[in-house]
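Participant: Structure: entry30.txt, compact mmCIF, C-alpha atoms.
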# COMPACT_ATOMS: atom_id res chain seq x y z
CA MET B 1 -10.30 10.89 36.94
CA SER B 2 -10.65 11.99 33.32
CA GLU B 3 -13.97 13.67 32.55
CA ILE B 4 -13.54 12.70 28.91
CA LEU B 5 -13.28 9.00 29.74
CA GLN B 6 -16.27 9.31 32.06
CA ARG B 7 -18.22 10.85 29.20
CA LEU B 8 -17.18 8.02 26.88
CA SER B 9 -18.34 5.44 29.41
CA SER B 10 -21.62 7.26 29.93
CA GLU B 11 -22.28 6.95 26.18
CA GLY B 12 -22.29 3.17 26.58
CA VAL B 13 -18.72 2.45 25.47
CA ALA B 14 -16.83 -0.02 27.67
CA ILE B 15 -13.16 1.00 27.88
CA TRP B 16 -10.78 -1.96 27.82
CA LEU B 17 -6.99 -1.93 27.94
CA ASP B 18 -5.23 -3.70 25.08
CA ASP B 19 -2.28 -4.80 27.20
CA ILE B 20 -1.27 -6.94 30.15
CA SER B 21 2.03 -7.78 31.81
CA ARG B 22 3.27 -9.26 35.08
CA ASP B 23 4.84 -5.92 35.92
CA ARG B 24 1.56 -4.07 35.35
CA LEU B 25 -0.14 -6.55 37.67
CA ARG B 26 2.37 -6.68 40.49
CA THR B 27 2.81 -2.90 40.71
CA GLY B 28 -0.94 -2.27 40.94
CA ASN B 29 -0.90 -0.35 37.67
CA LEU B 30 -3.91 -2.25 36.31
CA GLU B 31 -5.87 -1.58 39.49
CA GLY B 32 -5.00 2.09 39.10
CA LEU B 33 -6.31 2.18 35.54
CA VAL B 34 -9.56 0.57 36.70
CA ARG B 35 -9.85 3.18 39.45
CA ASP B 36 -8.73 6.28 37.54
CA ARG B 37 -9.21 5.59 33.82
CA GLN B 38 -12.60 3.82 33.58
CA VAL B 39 -10.90 0.60 32.42
CA VAL B 40 -13.37 -2.28 32.74
CA GLY B 41 -11.66 -5.02 30.72
CA VAL B 42 -8.36 -6.27 29.32
CA THR B 43 -7.35 -7.91 26.06
CA SER B 44 -4.11 -9.73 25.29
CA ASN B 45 -2.46 -11.35 22.31
CA PRO B 46 0.83 -13.13 21.56
CA THR B 47 2.53 -9.85 20.62
CA ILE B 48 1.65 -8.34 23.99
CA PHE B 49 3.05 -11.33 25.89
CA ALA B 50 6.24 -11.42 23.79
CA LYS B 51 6.81 -7.75 24.59
CA ALA B 52 6.09 -8.22 28.30
CA LEU B 53 8.55 -11.11 28.61
CA SER B 54 11.31 -9.17 26.89
CA LYS B 55 11.32 -6.43 29.55
CA GLY B 56 12.42 -6.42 33.18
CA ASP B 57 12.60 -9.26 35.67
CA ALA B 58 8.95 -9.80 36.57
CA TYR B 59 8.91 -13.33 35.14
CA ASP B 60 12.30 -14.48 36.47
CA GLY B 61 11.01 -16.36 39.51
CA GLN B 62 8.45 -18.38 37.58
CA LEU B 63 10.89 -19.03 34.73
CA ARG B 64 13.46 -20.32 37.23
CA ASP B 65 10.93 -22.71 38.75
CA LEU B 66 9.82 -23.93 35.33
CA ALA B 67 13.46 -24.48 34.34
CA VAL B 68 14.22 -26.44 37.50
CA ARG B 69 11.16 -28.62 36.87
CA GLY B 70 12.21 -29.27 33.29
CA VAL B 71 8.93 -28.02 31.84
CA ASP B 72 8.97 -27.91 28.04
CA VAL B 73 8.74 -24.60 26.23
CA GLU B 74 5.15 -24.79 24.97
CA GLU B 75 3.79 -25.78 28.37
CA ALA B 76 5.89 -23.07 30.01
CA VAL B 77 4.30 -20.46 27.72
CA ARG B 78 0.83 -21.64 28.69
CA MET B 79 1.69 -21.56 32.39
CA ILE B 80 3.21 -18.07 32.18
CA THR B 81 0.39 -16.52 30.14
CA THR B 82 -2.46 -18.16 32.07
CA TYR B 83 -0.87 -16.98 35.33
CA ASP B 84 -1.10 -13.37 34.16
CA ILE B 85 -4.61 -13.80 32.81
CA ARG B 86 -5.86 -15.43 36.02
CA TRP B 87 -4.36 -12.58 38.03
CA GLY B 88 -5.93 -10.06 35.67
CA CYS B 89 -9.31 -11.78 36.06
CA ASP B 90 -8.99 -11.46 39.83
CA VAL B 91 -8.17 -7.74 39.57
CA LEU B 92 -11.20 -7.19 37.33
CA ARG B 93 -13.54 -9.46 39.32
CA PRO B 94 -15.16 -6.58 41.26
CA VAL B 95 -15.99 -4.89 37.93
CA TYR B 96 -17.46 -8.17 36.69
CA GLU B 97 -19.70 -8.45 39.74
CA ARG B 98 -20.94 -4.86 39.82
CA SER B 99 -21.63 -4.80 36.07
CA ASP B 100 -23.90 -7.87 36.33
CA HIS B 101 -21.20 -9.94 34.60
CA VAL B 102 -21.09 -7.74 31.50
CA ASP B 103 -17.60 -6.25 31.93
CA GLY B 104 -14.59 -7.10 34.06
CA ARG B 105 -13.48 -9.48 31.31
CA VAL B 106 -9.92 -10.56 30.48
CA SER B 107 -9.08 -12.28 27.18
CA ILE B 108 -6.47 -14.90 26.28
CA GLU B 109 -5.88 -16.19 22.76
CA VAL B 110 -5.68 -19.77 21.58
CA ASP B 111 -2.40 -20.71 19.92
CA PRO B 112 -2.68 -18.85 16.57
CA ARG B 113 -1.00 -21.73 14.77
CA LEU B 114 -4.34 -23.55 15.20
CA ALA B 115 -6.34 -20.85 13.37
CA ARG B 116 -7.11 -23.17 10.43
CA ASP B 117 -8.03 -26.20 12.55
CA ALA B 118 -11.40 -26.09 14.31
CA GLU B 119 -10.98 -29.28 16.34
CA LYS B 120 -7.62 -28.27 17.79
CA THR B 121 -8.86 -24.73 18.42
CA VAL B 122 -11.75 -26.05 20.52
CA ALA B 123 -9.45 -28.41 22.41
CA GLU B 124 -7.11 -25.51 23.20
CA ALA B 125 -10.04 -23.29 24.20
CA ARG B 126 -11.21 -25.96 26.65
CA ALA B 127 -7.72 -26.30 28.11
CA LEU B 128 -7.34 -22.55 28.62
CA TRP B 129 -10.85 -22.27 30.10
CA TRP B 130 -10.12 -25.03 32.61
CA THR B 131 -6.63 -23.75 33.43
CA VAL B 132 -7.55 -20.14 34.13
CA ASP B 133 -10.81 -21.22 35.80
CA ARG B 134 -12.37 -17.78 36.19
CA PRO B 135 -15.94 -16.87 35.13
CA ASN B 136 -14.82 -13.48 33.74
CA LEU B 137 -12.46 -15.04 31.21
CA PHE B 138 -12.81 -14.71 27.44
CA ILE B 139 -11.11 -17.18 25.09
CA LYS B 140 -10.02 -15.46 21.88
CA ILE B 141 -10.75 -17.45 18.73
CA PRO B 142 -9.91 -15.98 15.30
CA ALA B 143 -12.73 -15.45 12.83
CA THR B 144 -11.26 -17.61 10.08
CA LEU B 145 -13.65 -19.85 8.17
CA GLU B 146 -12.30 -22.75 10.20
CA GLY B 147 -12.74 -20.72 13.38
CA LEU B 148 -16.50 -20.31 12.90
CA PRO B 149 -17.47 -23.86 13.91
CA ALA B 150 -14.98 -23.62 16.79
CA ILE B 151 -16.78 -20.50 18.02
CA THR B 152 -20.13 -22.28 17.85
CA GLN B 153 -18.79 -25.35 19.67
CA ALA B 154 -17.09 -23.33 22.42
CA ILE B 155 -20.19 -21.20 23.05
CA GLY B 156 -22.30 -24.35 23.01
CA GLU B 157 -20.13 -25.78 25.80
CA GLY B 158 -20.55 -22.65 27.92
CA ILE B 159 -17.15 -21.11 27.13
CA SER B 160 -17.29 -17.33 26.72
CA VAL B 161 -15.54 -16.19 23.55
CA ASN B 162 -13.86 -13.06 22.22
CA VAL B 163 -13.96 -13.52 18.45
CA THR B 164 -10.88 -11.83 17.03
CA LEU B 165 -9.45 -10.77 13.66
CA ILE B 166 -12.73 -9.68 12.04
CA PHE B 167 -12.22 -7.39 9.05
CA SER B 168 -15.13 -7.93 6.65
CA LEU B 169 -18.84 -7.33 7.00
CA GLU B 170 -19.61 -10.72 5.48
CA ARG B 171 -17.43 -12.52 8.03
CA TYR B 172 -18.90 -10.44 10.86
CA GLY B 173 -22.38 -11.64 9.88
CA GLN B 174 -21.11 -15.22 9.96
CA VAL B 175 -19.60 -14.62 13.41
CA ILE B 176 -22.94 -13.41 14.77
CA ASP B 177 -24.65 -16.46 13.27
CA ALA B 178 -22.01 -18.71 14.88
CA TYR B 179 -22.78 -17.08 18.23
CA PHE B 180 -26.52 -17.61 17.78
CA GLU B 181 -25.97 -21.25 16.84
CA GLY B 182 -23.72 -21.78 19.84
CA LEU B 183 -26.33 -20.33 22.19
CA GLU B 184 -28.98 -22.54 20.63
CA LYS B 185 -26.76 -25.58 21.21
CA ALA B 186 -26.12 -24.53 24.79
CA ARG B 187 -29.82 -24.03 25.42
CA ALA B 188 -30.67 -27.41 23.92
CA ALA B 189 -28.08 -28.98 26.25
CA GLY B 190 -29.77 -27.39 29.25
CA ARG B 191 -27.11 -24.78 29.98
CA ASP B 192 -27.89 -21.42 31.56
CA ILE B 193 -27.23 -19.22 28.54
CA SER B 194 -27.44 -16.05 30.62
CA GLN B 195 -23.95 -16.93 31.89
CA ILE B 196 -22.41 -17.18 28.41
CA ALA B 197 -20.89 -14.01 26.97
CA SER B 198 -19.12 -12.93 23.81
CA VAL B 199 -17.62 -9.94 22.03
CA ALA B 200 -16.79 -9.66 18.34
CA SER B 201 -13.50 -7.85 17.74
CA PHE B 202 -13.79 -5.80 14.56
CA PHE B 203 -10.37 -4.42 13.53
CA VAL B 204 -10.17 -0.79 12.50
CA SER B 205 -6.76 0.81 11.90
CA ARG B 206 -5.40 -2.08 9.85
CA VAL B 207 -8.21 -1.49 7.33
CA ASP B 208 -7.01 2.07 6.79
CA THR B 209 -3.39 0.94 6.54
CA GLU B 210 -4.13 -1.54 3.75
CA ILE B 211 -6.64 0.60 1.85
CA ASP B 212 -4.54 3.78 2.06
CA LYS B 213 -1.58 1.86 0.68
CA ARG B 214 -3.72 0.95 -2.34
CA LEU B 215 -5.01 4.50 -2.71
CA ASP B 216 -1.41 5.76 -2.77
CA LYS B 217 -0.72 3.44 -5.71
CA ILE B 218 -3.72 4.83 -7.58
CA ASP B 219 -2.10 8.25 -7.09
CA SER B 220 -4.90 10.65 -8.00
CA PRO B 221 -6.45 13.60 -6.15
CA GLU B 222 -9.72 11.69 -5.89
CA ALA B 223 -7.99 8.68 -4.35
CA GLY B 224 -6.03 10.88 -1.97
CA ALA B 225 -9.26 12.44 -0.69
CA LEU B 226 -10.49 8.99 0.36
CA LYS B 227 -7.57 8.18 2.66
CA GLY B 228 -7.92 7.68 6.38
CA LYS B 229 -11.67 7.08 6.39
CA ALA B 230 -12.29 3.44 5.46
CA GLY B 231 -11.59 1.96 8.89
CA VAL B 232 -14.28 4.07 10.55
CA ALA B 233 -16.74 3.61 7.67
CA ASN B 234 -16.29 -0.17 7.74
CA ALA B 235 -16.80 -0.28 11.51
CA ARG B 236 -19.90 1.88 11.33
CA LEU B 237 -21.42 -0.49 8.80
CA ALA B 238 -20.54 -3.36 11.12
CA TYR B 239 -22.59 -1.68 13.83
CA ALA B 240 -25.49 -1.33 11.38
CA LEU B 241 -25.25 -5.08 10.76
CA TYR B 242 -25.15 -5.68 14.52
CA GLU B 243 -28.38 -3.70 14.93
CA GLU B 244 -30.02 -5.63 12.12
CA LYS B 245 -29.00 -9.08 13.38
CA PHE B 246 -29.92 -8.35 16.98
CA ALA B 247 -33.38 -7.19 15.96
CA SER B 248 -34.16 -10.56 14.33
CA ASP B 249 -36.73 -13.07 15.54
CA ARG B 250 -33.91 -15.57 16.02
CA TRP B 251 -32.21 -13.27 18.50
CA LYS B 252 -35.45 -12.36 20.24
CA ALA B 253 -36.06 -16.03 21.03
CA LEU B 254 -32.59 -16.32 22.53
CA LYS B 255 -32.96 -13.07 24.44
CA ASP B 256 -36.24 -14.28 25.93
CA ALA B 257 -34.32 -17.33 27.17
CA GLY B 258 -31.83 -15.07 28.95
CA ALA B 259 -29.09 -14.66 26.34
CA ARG B 260 -26.80 -11.65 26.31
CA PRO B 261 -25.93 -9.82 23.08
CA GLN B 262 -22.52 -10.31 21.55
CA ARG B 263 -21.10 -6.80 21.82
CA PRO B 264 -19.12 -5.25 18.97
CA LEU B 265 -15.56 -4.55 20.09
CA TRP B 266 -13.40 -2.03 18.24
CA ALA B 267 -9.88 -3.45 18.06
CA SER B 268 -6.68 -2.15 16.50
CA THR B 269 -7.58 1.37 17.65
CA GLY B 270 -4.07 2.77 17.87
CA VAL B 271 -3.69 5.21 14.95
CA LYS B 272 -0.83 4.17 12.68
CA ASP B 273 -0.85 7.15 10.29
CA PRO B 274 0.68 10.16 12.10
CA SER B 275 -1.29 12.53 9.88
CA LEU B 276 -4.54 11.33 11.48
CA PRO B 277 -5.81 12.40 14.93
CA ASP B 278 -4.50 10.00 17.57
CA THR B 279 -7.98 9.57 19.06
CA LEU B 280 -9.73 9.03 15.71
CA TYR B 281 -10.84 5.43 16.29
CA VAL B 282 -12.39 6.32 19.62
CA ASP B 283 -14.01 9.69 18.84
CA GLU B 284 -15.67 8.41 15.65
CA LEU B 285 -16.89 5.06 16.98
CA VAL B 286 -19.03 6.02 19.96
CA ALA B 287 -22.17 3.88 20.12
CA PRO B 288 -24.10 2.21 22.92
CA GLY B 289 -23.29 -1.36 23.82
CA THR B 290 -19.81 -1.34 22.30
CA VAL B 291 -16.32 -2.02 23.63
CA ASN B 292 -13.22 -0.07 22.62
CA THR B 293 -9.97 -1.81 23.53
CA MET B 294 -7.07 0.65 23.48
CA PRO B 295 -3.31 0.54 23.86
CA GLU B 296 -2.33 2.64 26.86
CA ALA B 297 -1.00 5.46 24.65
CA THR B 298 -4.40 5.77 22.97
CA LEU B 299 -6.18 5.59 26.33
CA GLU B 300 -4.08 8.46 27.67
CA ALA B 301 -4.58 10.50 24.49
CA VAL B 302 -8.35 10.13 24.79
CA ALA B 303 -8.20 11.05 28.49
CA ASP B 304 -6.28 14.20 27.57
CA HIS B 305 -7.94 15.48 24.41
CA GLY B 306 -10.55 13.02 23.09
CA ARG B 307 -13.58 14.63 21.42
CA ILE B 308 -16.61 12.69 22.64
CA ARG B 309 -19.69 14.25 21.07
CA GLY B 310 -22.28 11.58 21.75
CA ASP B 311 -23.22 8.79 19.35
CA SER B 312 -20.95 9.14 16.32
CA VAL B 313 -22.03 5.94 14.55
CA ARG B 314 -25.77 5.55 14.03
CA GLY B 315 -26.33 8.81 12.19
CA ALA B 316 -23.48 8.13 9.75
CA TYR B 317 -24.56 4.95 7.96
CA ASP B 318 -25.33 6.67 4.65
CA ASP B 319 -21.96 8.46 4.64
CA ALA B 320 -20.22 5.17 5.42
CA ARG B 321 -21.95 3.40 2.53
CA ALA B 322 -21.13 6.28 0.20
CA HIS B 323 -17.46 6.12 1.20
CA MET B 324 -17.20 2.40 0.58
CA ALA B 325 -18.89 2.88 -2.79
CA ALA B 326 -16.37 5.61 -3.66
CA LEU B 327 -13.51 3.28 -2.80
CA LYS B 328 -14.92 0.66 -5.15
CA GLU B 329 -15.27 3.26 -7.87
CA ALA B 330 -11.65 4.29 -7.33
CA GLY B 331 -10.54 0.71 -7.92
CA VAL B 332 -10.10 -0.62 -4.38
CA ASP B 333 -11.17 -4.26 -4.17
CA TYR B 334 -12.76 -4.60 -0.72
CA ASP B 335 -12.95 -8.40 -0.85
CA ASP B 336 -9.24 -8.62 -1.61
CA VAL B 337 -8.42 -6.10 1.13
CA VAL B 338 -10.18 -8.11 3.84
CA ARG B 339 -8.74 -11.39 2.54
CA VAL B 340 -5.20 -10.00 2.76
CA LEU B 341 -5.85 -8.53 6.20
CA GLU B 342 -7.14 -11.82 7.61
CA GLU B 343 -4.19 -13.77 6.21
CA GLU B 344 -1.71 -11.19 7.48
CA GLY B 345 -3.42 -11.06 10.86
CA VAL B 346 -3.10 -14.80 11.38
CA ASP B 347 0.51 -14.74 10.10
CA LYS B 348 1.48 -11.85 12.40
CA PHE B 349 0.04 -13.50 15.49
CA GLU B 350 1.71 -16.78 14.53
CA ALA B 351 5.04 -14.99 14.15
CA SER B 352 4.54 -13.34 17.55
CA TRP B 353 3.72 -16.72 19.09
CA LYS B 354 6.95 -18.15 17.69
CA GLU B 355 8.80 -15.12 19.04
CA LEU B 356 7.22 -15.78 22.43
CA LEU B 357 8.27 -19.44 22.30
CA GLY B 358 11.80 -18.38 21.38
CA THR B 359 11.99 -15.87 24.23
CA VAL B 360 10.80 -18.42 26.78
CA GLU B 361 13.15 -21.09 25.39
CA ARG B 362 16.13 -18.76 25.81
CA GLU B 363 15.04 -17.78 29.33
CA LEU B 364 14.62 -21.42 30.37
CA ALA B 365 18.04 -22.27 28.96
CA ASP B 366 19.54 -19.32 30.82
CA LYS B 367 17.94 -20.57 34.03
CA GLY B 368 19.48 -23.98 33.43
CA GLY B 369 16.55 -26.26 32.80
CA ALA B 370 15.36 -26.17 29.16
CA ARG B 371 14.83 -29.45 27.41
As structure tokens, please, write out the structure in this file.
Facilitator:
Amino acid sequence: MSEILQRLSSEGVAIWLDDISRDRLRTGNLEGLVRDRQVVGVTSNPTIFAKALSKGDAYDGQLRDLAVRGVDVEEAVRMITTYDIRWGCDVLRPVYERSDHVDGRVSIEVDPRLARDAEKTVAEARALWWTVDRPNLFIKIPATLEGLPAITQAIGEGISVNVTLIFSLERYGQVIDAYFEGLEKARAAGRDISQIASVASFFVSRVDTEIDKRLDKIDSPEAGALKGKAGVANARLAYALYEEKFASDRWKALKDAGARPQRPLWASTGVKDPSLPDTLYVDELVAPGTVNTMPEATLEAVADHGRIRGDSVRGAYDDARAHMAALKEAGVDYDDVVRVLEEEGVDKFEASWKELLGTVERELADKGGAR
């Protein structure tokens, strides 16, 4: 057991694994991470599933059965991915129960091709919720403008949601409002809102990647000194907004009715710039009531040499605001950065989904039953 990960958990950070695969499940690897690495949740996305299906033989038996039955490719993808997620939910169920239903959560994403269509997103969210049929499930819905009403509708129907692909502070505020509105709808419909949960996945490393690329083009010593810091600054200001929103009278009324806060989740925490510390987006984003979902490489790096020094967020708001102001002064257009990141995020997940469909189509054909 890593003392560093224990320390991180004791600071109020829920450690989630940003990965799932049939092989990880059948070998007991996920159970081991729960036991030995303080892992209390799992996130997935189309890229993760595409990678899992491209390796080994863990899916061969199910693929063979699907091929024999003549199941079409899109339905086969849903059956394969929901099988893994249901299994993951069962592995994490003891964590869910002992944490009073806070953690032990496993997330599955709606088809990213629906990111600009609220009605279809909600229909897909319902289908995934019914198919997996586990109380510790999260349905991932992207925080596009069209996704906001889908988030409200899903929450209003009692579906727990992991809101994904959040990059901007403005959009994050809208996501929180969508959660509040969904809870209000659920309460008005007579639902037990204490059983509805949500996290808001605020992306970190991709912000640095895009902003540092722009700073390189500016090519000045002043711009160079600003590199590698925007992702953390942006996330810290998101936490400040979280504190502000969840201190409002609107939230207090919901809390009094039993509602649970929508926790900030730090996503995209694998460091992409090799010049930066590989535990940067964990060490610098320690705050109570947060989730940090990590690729396994980041998890192991933190376990080995993470520098957990207590709360590293709430005392740094002024520095974060100063950094964002300096970026603006240097010529970095924040609004354009977050617009590009959202569009790229949706496009990348859509491309991964198509890759996943292609992989499954080839496997079904190989097994003799594609149609």
Participant: Would you please work out which residue, of B:Asp72, B:Ala330, B:Arg105, B:Thr269, is nearest to Glu222 (chain B) when using only C-alpha atoms?
Facilitator: B:Ala330
Participant: Which neighbours of Leu241 (chain B) fall inside 12 Å, counting only C-alpha atoms, when residues of the same chain fewer than 6 positions from it are skipped, and could you give them as a JSON list (two decimals) with C-alpha atoms, keeping the file's coordinate frame?
Facilitator:
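Result file around-v3.json:
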[["chain", "number", "residue", "atom", "x", "y", "z"],
["B", 168, "SER", "CA", -15.13, -7.93, 6.65],
["B", 169, "LEU", "CA", -18.84, -7.33, 7.00],
["B", 170, "GLU", "CA", -19.61, -10.72, 5.48],
["B", 171, "ARG", "CA", -17.43, -12.52, 8.03],
["B", 172, "TYR", "CA", -18.90, -10.44, 10.86],
["B", 173, "GLY", "CA", -22.38, -11.64, 9.88],
["B", 174, "GLN", "CA", -21.11, -15.22, 9.96],
["B", 175, "VAL", "CA", -19.60, -14.62, 13.41],
["B", 176, "ILE", "CA", -22.94, -13.41, 14.77],
["B", 177, "ASP", "CA", -24.65, -16.46, 13.27],
["B", 234, "ASN", "CA", -16.29, -0.17, 7.74],
["B", 235, "ALA", "CA", -16.80, -0.28, 11.51],
["B", 247, "ALA", "CA", -33.38, -7.19, 15.96],
["B", 248, "SER", "CA", -34.16, -10.56, 14.33],
["B", 263, "ARG", "CA", -21.10, -6.80, 21.82],
["B", 264, "PRO", "CA", -19.12, -5.25, 18.97],
["B", 314, "ARG", "CA", -25.77, 5.55, 14.03],
["B", 317, "TYR", "CA", -24.56, 4.95, 7.96]]
Participant: I'd like the contact shell of region 337-351 of chain B - 10 Å cut-off, all atoms listed in the file, skipping same-chain residues fewer than 2 positions apart - returned as a PyMOL selection string.
Facilitator: chain B and resi 45-47+109+111-116+142-144+164-171+203+206-207+209-211+214+332-335+353-357
Participant: Using all atoms listed in the file, which of B:Tyr96, B:Leu66, B:Leu145, B:Glu157 sits nearest Val122 (chain B)?
Facilitator: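 Between B:Tyr96, B:Leu66, B:Leu145, B:Glu157, the residue approaching Val122 (chain B) most closely is B:Glu157.
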Participant: Between CA of Leu265 (chain B) and CA of Ala127 (chain B), measure the distance and give it in Å to one decimal.
Facilitator: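 Separating CA of Leu265 (chain B) from CA of Ala127 (chain B) is a distance of 24.5 Å.
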